[in-house]
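Worksheet: the structure to be examined is printed underneath.
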Amino acid sequence: MPELPEVEYARQRLTRWTTGSALTGWDLVDPGAFRPKLSAHPTPDPLAVARLQALVGRPSTATARHGKRVGWSFGGPGLLLHLGMTGAWVEGARPRHARLGLRFGDRTLWLNDPRRMGGVSYDDDPSAHVGTGLGPDALLDGSLSQVVPSRSPIKVALMDQRRLAGLGNIHAAEALWRAGISPRLRACDLDEGQRAALTQAIRAQLTEALKALDLETDLRYVSDGGDNPFAVYGRQGQPCPRCGAPISRELLGGRGTWWCPSCQP
DNA sequence: TGAAATGTTAACGA
DNA sequence: ATCGTTAACATTTC
């Protein structure tokens, strides 16, 4: 679910809820949520209890985000967080799919994650390591320098977190629609004008999506709240908002891909 | 019932 | 080394 905007929103909420407060307890409901490394699979970390206990009593001091990953520092050491496909951090009563609870006095933050692909790992310096192995952050940097040499379809290259960190299936498709570029075009075949248009489109897409996630609301995902808010994502057969031609769908890199064949030739 | 789902990674074959 | 595909992970929803 979460792409860069949702992760940034989660980071801001965690920061607001906890900065300056000491961790006072924890509840590892699902051991698979605490992993030795921030891998995609729920492999339990045998040291989880010791790691969590070592953070108890330490204050939450800083958070940092790079792509879809968050580093959370407790005066030096701390955690790396990933929301996977369905994760969200919520405050208050224990939610239905609680995987990990972190208590700060009378307030408990929960990782709620039905599909269990999200998780956390211990790190001795999360602020320094949050970007390890990732390409430039799509919002804070936005450089396509590692994307454009790829011979893969542009959408696949945009979603490769080692080339550019933060875009997922939705916002990659939406940014390409904004830029008028076919998701099938090989990244290395983009011309100068297309690169510039895409850079701008990514910035606009992410900025607007983030704006939709008001910190006072409890949306958690851009798509929460009913109607599909996107131009092409999930709209096979419906008219393109720009030119009226029907939206197409096909698999690209194993993922559902929607685009307008008329204005993204 | 089957398919698909906003993420990541490993394993193959070309 | 790189690219494409397929599968796997786990669960819910349409």
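FYI, nothing fancy with the structure tokens labels: chains A, B, ... in order, residues from 1 per chain, ligands from 1 as they appear.
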
Open item on the list: Give me the residues near C:DA10 as a VMD selection string, where near means some atom within 12 Å (using only C-alpha atoms (C1' of nucleotides)) and where sequence neighbours in that chain fewer than 3 positions away do not count.
Closed with: (chain A and resid 32 40 to 42 84 to 86 113 to 118) or (chain B and resid 5)

Take the residues from that selection and put them in a file with C-alpha atoms (C1' of nucleotides), as a compact mmCIF listing (two decimals), in the first residue's frame.
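Output contents, as saved in part-v8.txt:
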# COMPACT_ATOMS: atom_id res chain seq x y z
CA GLY A 32 7.86 -12.11 12.55
CA ALA A 40 10.47 -8.48 2.93
CA HIS A 41 9.77 -11.75 4.70
CA PRO A 42 8.66 -12.15 8.28
CA GLY A 84 5.32 -3.45 3.44
CA MET A 85 2.09 -3.66 1.51
CA THR A 86 -0.55 -3.00 4.16
CA ASP A 113 -0.44 -4.84 9.24
CA PRO A 114 -2.97 -7.36 7.93
CA ARG A 115 -0.68 -8.90 5.33
CA ARG A 116 2.37 -8.97 7.58
CA MET A 117 4.90 -7.86 5.03
CA GLY A 118 5.85 -4.78 6.99
C1' DA B 5 -3.95 -6.14 -4.35

Please determine the contact residues of chain B with respect to chain A at a cut-off of 9 Å, counting only C-alpha atoms (C1' of nucleotides), and supply them as a PDB file with N, CA and C atoms (P, O5', C5', C4', C3', O3' and C1' of nucleotides), in the first residue's frame.
ATOM      1  P    DA B   4      -5.764 -11.346 -12.533  1.00  0.00           P
ATOM      2  O5'  DA B   4      -5.641 -10.181 -11.469  1.00  0.00           O
ATOM      3  C5'  DA B   4      -6.784  -9.405 -11.148  1.00  0.00           C
ATOM      4  C4'  DA B   4      -6.496  -8.613  -9.900  1.00  0.00           C
ATOM      5  C3'  DA B   4      -5.039  -8.143  -9.803  1.00  0.00           C
ATOM      6  O3'  DA B   4      -4.983  -6.735  -9.752  1.00  0.00           O
ATOM      7  C1'  DA B   4      -5.796  -9.131  -7.763  1.00  0.00           C
ATOM      8  P    DA B   5      -3.567  -6.004  -9.751  1.00  0.00           P
ATOM      9  O5'  DA B   5      -3.394  -5.546  -8.237  1.00  0.00           O
ATOM     10  C5'  DA B   5      -4.372  -4.716  -7.631  1.00  0.00           C
ATOM     11  C4'  DA B   5      -4.137  -4.675  -6.132  1.00  0.00           C
ATOM     12  C3'  DA B   5      -2.649  -4.698  -5.739  1.00  0.00           C
ATOM     13  O3'  DA B   5      -2.118  -3.367  -5.756  1.00  0.00           O
ATOM     14  C1'  DA B   5      -3.949  -6.137  -4.347  1.00  0.00           C
ATOM     15  P    DT B   6      -0.988  -2.982  -6.592  1.00  0.00           P
ATOM     16  O5'  DT B   6      -0.250  -1.978  -5.611  1.00  0.00           O
ATOM     17  C5'  DT B   6       0.452  -0.894  -6.186  1.00  0.00           C
ATOM     18  C4'  DT B   6       0.998  -0.013  -5.082  1.00  0.00           C
ATOM     19  C3'  DT B   6       1.513  -0.741  -3.858  1.00  0.00           C
ATOM     20  O3'  DT B   6       2.587   0.052  -3.321  1.00  0.00           O
ATOM     21  C1'  DT B   6      -0.125   0.710  -3.201  1.00  0.00           C
ATOM     22  P    DG B   7       4.016  -0.434  -3.825  1.00  0.00           P
ATOM     23  O5'  DG B   7       4.247  -1.624  -2.813  1.00  0.00           O
ATOM     24  C5'  DG B   7       4.406  -1.346  -1.431  1.00  0.00           C
ATOM     25  C4'  DG B   7       5.598  -2.132  -0.911  1.00  0.00           C
ATOM     26  C3'  DG B   7       6.828  -2.018  -1.814  1.00  0.00           C
ATOM     27  O3'  DG B   7       7.972  -1.860  -0.982  1.00  0.00           O
ATOM     28  C1'  DG B   7       6.184  -4.286  -1.612  1.00  0.00           C
ATOM     29  P    DT B   8       9.425  -1.619  -1.627  1.00  0.00           P
ATOM     30  O5'  DT B   8      10.046  -3.072  -1.566  1.00  0.00           O
ATOM     31  C5'  DT B   8      10.234  -3.663  -0.291  1.00  0.00           C
ATOM     32  C4'  DT B   8      10.713  -5.072  -0.425  1.00  0.00           C
ATOM     33  C3'  DT B   8      12.020  -5.246  -1.216  1.00  0.00           C
ATOM     34  O3'  DT B   8      12.959  -5.735  -0.292  1.00  0.00           O
ATOM     35  C1'  DT B   8      10.393  -6.900  -1.785  1.00  0.00           C
ATOM     36  P    DT B   9      14.467  -5.980  -0.706  1.00  0.00           P
ATOM     37  O5'  DT B   9      14.497  -7.524  -1.127  1.00  0.00           O
ATOM     38  C5'  DT B   9      14.087  -8.495  -0.186  1.00  0.00           C
ATOM     39  C4'  DT B   9      14.109  -9.843  -0.860  1.00  0.00           C
ATOM     40  C3'  DT B   9      15.366 -10.098  -1.693  1.00  0.00           C
ATOM     41  O3'  DT B   9      15.955 -11.286  -1.202  1.00  0.00           O
ATOM     42  C1'  DT B   9      13.410 -10.659  -2.894  1.00  0.00           C
TER      43       DT B   9
END

TODO: Tell me, as a ChimeraX atom specification, which residues lie within 12 Å of A:His129, counting only C-alpha atoms (C1' of nucleotides); anything in the same chain fewer than 3 positions away does not count.
DONE: /A:37-38,63-66,69-73,76-81,121-126,132-134

Per-residue nearest contacts of chain C to chain A (8 Å; only C-alpha atoms (C1' of nucleotides)) as a Markdown table:
| residue | atom | partner | partner_atom | distance |
| --- | --- | --- | --- | --- |
| C:DC3 | C1' | A:Ser152 | CA | 6.9 |
| C:DG4 | C1' | A:Gly253 | CA | 7.2 |
| C:DT5 | C1' | A:Gly254 | CA | 7.5 |
| C:DC9 | C1' | A:His41 | CA | 5.9 |
| C:DA10 | C1' | A:Arg115 | CA | 5.1 |
| C:DT11 | C1' | A:Arg115 | CA | 4.9 |
| C:DT12 | C1' | A:Pro114 | CA | 7.8 |

Task: Å distance separating atom CA of A:Ser248 from atom CA of A:Leu139, one decimal place - done: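 Computing it gives 27.7 Å between the two atoms.
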
TODO: Calculate how many Å separate atom C1' of B:DA3 from atom CA of A:Arg235, rounding to one decimal.
DONE: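 Atom-to-atom, atom C1' of B:DA3 and atom CA of A:Arg235 are spaced 16.4 Å apart.
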